[in-house]
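Notes follow the structure.
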Amino acid sequence: MKRFLKKFLAIFIVLILAIPLGIIIWYVSPLPNANIKFKKGGYGHLYSRLAELDTTENIEVLFLGSSHTYRGFNTQRISERIGFKCFNLGSSGQTPDVTKVLLKSYLNEIKPKLVVYEVVPSGIFNESIGSRVDLISNLPFKRFNSLYHLEDFGVSEFKTLILAVSHPIFKSKYHEPKNKGIDEYKSGGYVKRIGFGSYSKQLDLPEFTADFDSKGFKRFLDNLAVIRSQGIPIMLVLAPTTSYDYSRYPLNLDSAYSSLGLYFNFNQSLPLDDSLHFFDDSHLNSDGVEMFNDAFIQTLCPIIDTIN
Amino acid sequence: MLFHSLDFAIFLPIVFFLYWFVAKKNLKLQNALIVTASYVFYGWWDWRFLSLIIFSTLVDYSIGRRLKNEEKQSTRKILMWTSIIVNLGFLGFFKYYNFFLDNFIAAFSFFGQEIQPNTLNIILPVGISFYTFQTLSYTIDVYRNKLEPTEDFIAFSAFVCFFPQLVAGPIERASNLLPQFYKKRIFTYEKSADGMRQILWGLFKKVVIADNCAEYANLIFNNYGDYNGPTLILGVIFFAFQVYGDFSGYSDIAIGTSKLFGFNLMQNFATPYFSRNIMEFWKRWHISLTSWLTDYVFTPLAINYRHWGTMGIVSSIFFTFLISGLWHGANWTFIVWGALHGLYFLITILFTRGKTPKGIVGQNSVLPSLKEIGQIVLTFLLVCFSYIFFRVDSLSHGFAFISRVCKSDWNFPDFEGRLLALQIIILIVFLLFVEYAQRNYDFTLDLSRFRSKSVRLVVYISLVLLIIIYWPSKEQVFVYFQF
């Protein structure tokens, strides 16, 4: 037994050193990156957003949620109109466990007067890892301790973490460009789709089912409790999506969200046209954002008055 | 609990420590620990279904004891049939209730009779087909006087629920596994090291080969209408290695884990894709199920219908394969899969006069002969064809898939993620190369011929690295859990 345990321990120690080294070498080598998911900057400018957040003070309204948030709320414009400083902390496919990490990391420092939580079901009921690896790839190093709150930390997240930690060693300082293709990062966390952009339905997507017993939804409820425990009011918002995409949403979604507090559904209440105001099956183009934000500001103003 | 989960990575060392350090000197305590650990392992998925295992254990233990003291043949027969009815009753209800009901309705509506049935939303308890067959073999063997019934309830419980093989086999015979619970287990370095090697190779097959093949097999099978013939054929090949990597990987981990606790389980896979005909394939693929069906289905049938002569043998073989198909799942697709193999098997017997190729492929040479390569390729293609029905959701899906293969254009395979798929193909070739090179050994990662410790260390580290690097972001459960 002694011999077995000694050898096992020896191999285990070698592996502790060899695995991170192997992952880094594989990543920087010309070998295809197989199942290693690490992307500084990522698809939704999360790196720039988190870097800006660390240098921004006196944020009064904090926006949370998925790409519907960072593509749907033009925080610069909203700030100007309501006279409250807004910041958009949305990220691609943001799942409630990722929101939890962001809250644990930033909420105490920011202490906003209001949290606007965008509740698109594909984010709230989601448990996929895409959003987690995006966060690990782009979270500032000094905030890595908050990753402790990330539940379901698996092998894929571990690989990303190794590369995120070692990134400064094998790559020089990273700078994310403001313009990436047809996306432009705006101060305050909003990402604008440059150009008109229009949408025509191409894919038949499956019906969406919301499981209110899922881990994702339970974590979402935990997040609401965390925010409320700090005495911060919450506004739940369902941002507009195309009528086709909206037809896939479960019918009981509105009643479920309404039971959780202040909730506004901006679907079907605005004169939005699928082909004119969206650039894909669920995201608003800049014209659509303008229309939506106008309506949102009208809804927000009375709430802001009560906070004041 | 999945073998490739963090839960199991914590569970296994705890049980190992308690087993060898705390319960070390007490055989009963060790067996009780195995029972407890196995119930925790199973209950991790859904504790409610533990009651089924416990009930099966109680029924078969009691019947075994009654059989010991019962000499009247008719009563013995009743006892055996009680066990069969109880065990197959559970299996039938949980696995086949809706299947038979749906077909019953379809048959009635065919004759113009509409009936309103009560379909139930039944959850299939994981591993029910495996432990049911295992407990059945005990009662039948005791009835046949081939096995002494046990008096030791804890040992019997441990035999029924032994966690390494509880949910996906190998389906152990009482005559092999049960006596191991009576004897003191001795820890040996060699056995445990072999166990670890087998676990490592099993993880490689499951995570690197099966889970990555699954991505492409799922993509191609679920959207078969979008792809050309060669892409669909590639999808079938990916599925062939998904099933093999998944199931044989599970068996390797199960056998390896058992070795860590001083147990020997039967071999379940022996390089099946190097088989030279279908008869050899079934001696190398899911060996524990094949031998179970041979002993408890085919042999009694063949004896019963021996007066039919050749027809009796042919019918028994074909029926056994149909049962094998149905065992895999409550769907006509599995029955067609079984029927195809039955047909292959009978045709092979006709051509070879029942002789399976001698020894293993390339027995006296480094490489297989051209004839052997031809036989291996043909066998693999036949197996792959049957996999279409194993994978699809319905017969119509299967026929549409085949029709698409035949009618679509024959350009180069074209699908999303071809670059990663190419890597997976290279890894499949690596798997086949290693399994061929190690075909003479008890298990693939037996590296005893390499004297150098550093060579062995490099192999282990490389495999662990490949497992980590190719670990898919989407978790895939073991395919055979659904059976």
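Labels used: A, B, ... for chains in the order of the structure tokens, numbers from 1 for residues in each chain, and numbers from 1 for ligands as shown.
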request  = Select residues of chain B: the criterion is any atom within 12 Å of an atom of chain A, counting only C-alpha atoms; output as a ChimeraX atom specification.
outcome  = /B:4-7,13,16-17,20-21,24,186-197,207-208,211-212,215,260-261,417-424,427,453-454,456-475
inquiry  = as a PyMOL selection string, please: every residue in region 163-393 of chain B that a backbone DSSP assignment puts in helix (DSSP H, G or I).
reply    = chain B and resi 163-165+174-182+189-222+224-226+229-260+272-274+278-284+287-304+306-308+310-328+332-352+370-391
ask   = Please, what distance in Å, to one decimal, runs between CA of Ser269 (chain A) and CA of Asn252 (chain A)?
value =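 It comes out at 17.7 Å.
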ask   = Can you list, as a ChimeraX atom specification, every protein, DNA or RNA residue that comes within 12 Å of Lys218 (chain A) when you count only C-alpha atoms, leaving out same-chain residues fewer than 3 positions away?
value = /A:95-97,100,124-127,211-215,221-225
query = With only C-alpha atoms as the atoms that count, which of B:Trp44, B:Phe247, B:Trp285, B:Trp327 lies nearest to Lys205 (chain B)?
reply =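 Nearest to Lys205 (chain B): B:Phe247.
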inquiry  = Quick one: residues within 8 Å of Tyr250 (chain B), only C-alpha atoms, excluding same-chain residues fewer than 4 positions away - as a PyMOL selection string?
reply    = chain B and resi 3+168+202-203+206+246+254+478
With N, CA and C atoms kept, could you save the residues just selected as a compact mmCIF listing (two decimals), in the first residue's frame?
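Output file result_25.txt is given in full below:
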```
# COMPACT_ATOMS: atom_id res chain seq x y z
N PHE B 3 -18.59 8.52 -13.61
CA PHE B 3 -17.18 8.19 -13.35
C PHE B 3 -16.26 9.38 -13.64
N ALA B 168 -23.80 0.16 -15.47
CA ALA B 168 -23.55 -0.16 -16.89
C ALA B 168 -22.64 -1.38 -17.06
N GLY B 202 -9.63 3.94 -19.80
CA GLY B 202 -11.09 4.07 -19.90
C GLY B 202 -11.50 5.53 -20.01
N LEU B 203 -10.86 6.38 -19.22
CA LEU B 203 -11.17 7.82 -19.29
C LEU B 203 -10.78 8.39 -20.64
N LYS B 206 -13.44 7.37 -23.04
CA LYS B 206 -14.72 8.05 -22.80
C LYS B 206 -14.62 9.54 -23.17
N ASP B 246 -17.40 5.00 -25.37
CA ASP B 246 -18.26 5.25 -24.23
C ASP B 246 -18.43 3.99 -23.38
N ALA B 254 -14.79 0.61 -14.73
CA ALA B 254 -15.44 -0.27 -13.75
C ALA B 254 -14.48 -1.38 -13.32
N PHE B 478 -22.97 8.69 -20.01
CA PHE B 478 -22.65 7.43 -20.69
C PHE B 478 -23.87 6.93 -21.47
```
inquiry  = At a cut-off of 9 Å, using only C-alpha atoms, what residues contact region 148-150 of chain A? Leave out same-chain residues fewer than 4 positions from it and give the result as a ChimeraX atom specification.
reply    = /A:97-98,100-101,104,132,144
Mind dumping the selected residues with C-alpha atoms as a compact mmCIF listing (two decimals), in the first residue's frame?
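File selection.txt, as written:
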```txt
# COMPACT_ATOMS: atom_id res chain seq x y z
CA ASP A 97 -23.99 32.15 -11.75
CA VAL A 98 -21.89 34.65 -13.71
CA LYS A 100 -23.53 36.19 -8.97
CA VAL A 101 -19.75 36.48 -9.39
CA LYS A 104 -19.98 39.53 -5.29
CA ARG A 132 -18.48 31.42 -17.58
CA PHE A 144 -10.03 36.40 -9.39
```
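One finds CA of Thr241 (chain A) at 27.3 Å from CA of Gly83 (chain A).
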task = Extract, using only C-alpha atoms, all DNA, RNA and protein residues at most 12 Å from Gly312 (chain B), discarding same-chain residues fewer than 3 positions from it, and format them as a PyMOL selection string.
result = chain B and resi 298-309+315-319
inquiry  = So that I can check the secondary structure, give me every residue of region 79-232 of chain A assigned strand (DSSP E or B) by backbone DSSP, as a list in words.
reply    = Cys86, Phe87, Asn88, Leu114, Val115, Val116, Tyr117, Glu118, Asn179, Lys180, Asp183, Glu184, Tyr185, Val191, Lys192 and Arg193 of chain A
remark   = With distances taken over only C-alpha atoms, the candidate from A:Ser247, A:Ile227, A:Arg143, A:Gly261 nearest Leu103 (chain A) is A:Ile227
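Of note, CA of Phe11 (chain B) and CA of Cys161 (chain B) are spaced 16.1 Å apart.
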query = Ile220 (chain B): which residues within 8 Å, counting only C-alpha atoms, same-chain residues fewer than 3 positions away excluded, as a list of chain:residue names?
reply = B:Tyr216, B:Ala217, B:Asn223, B:Tyr224, B:Tyr227, B:Thr231, B:Leu232, B:Gly235
message = Calculated over only C-alpha atoms, which of the candidates A:Val61, A:Tyr249, A:Leu147, A:Ile136 has the smallest distance to Thr160 (chain A)?
response =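 Closest candidate: A:Ile136.
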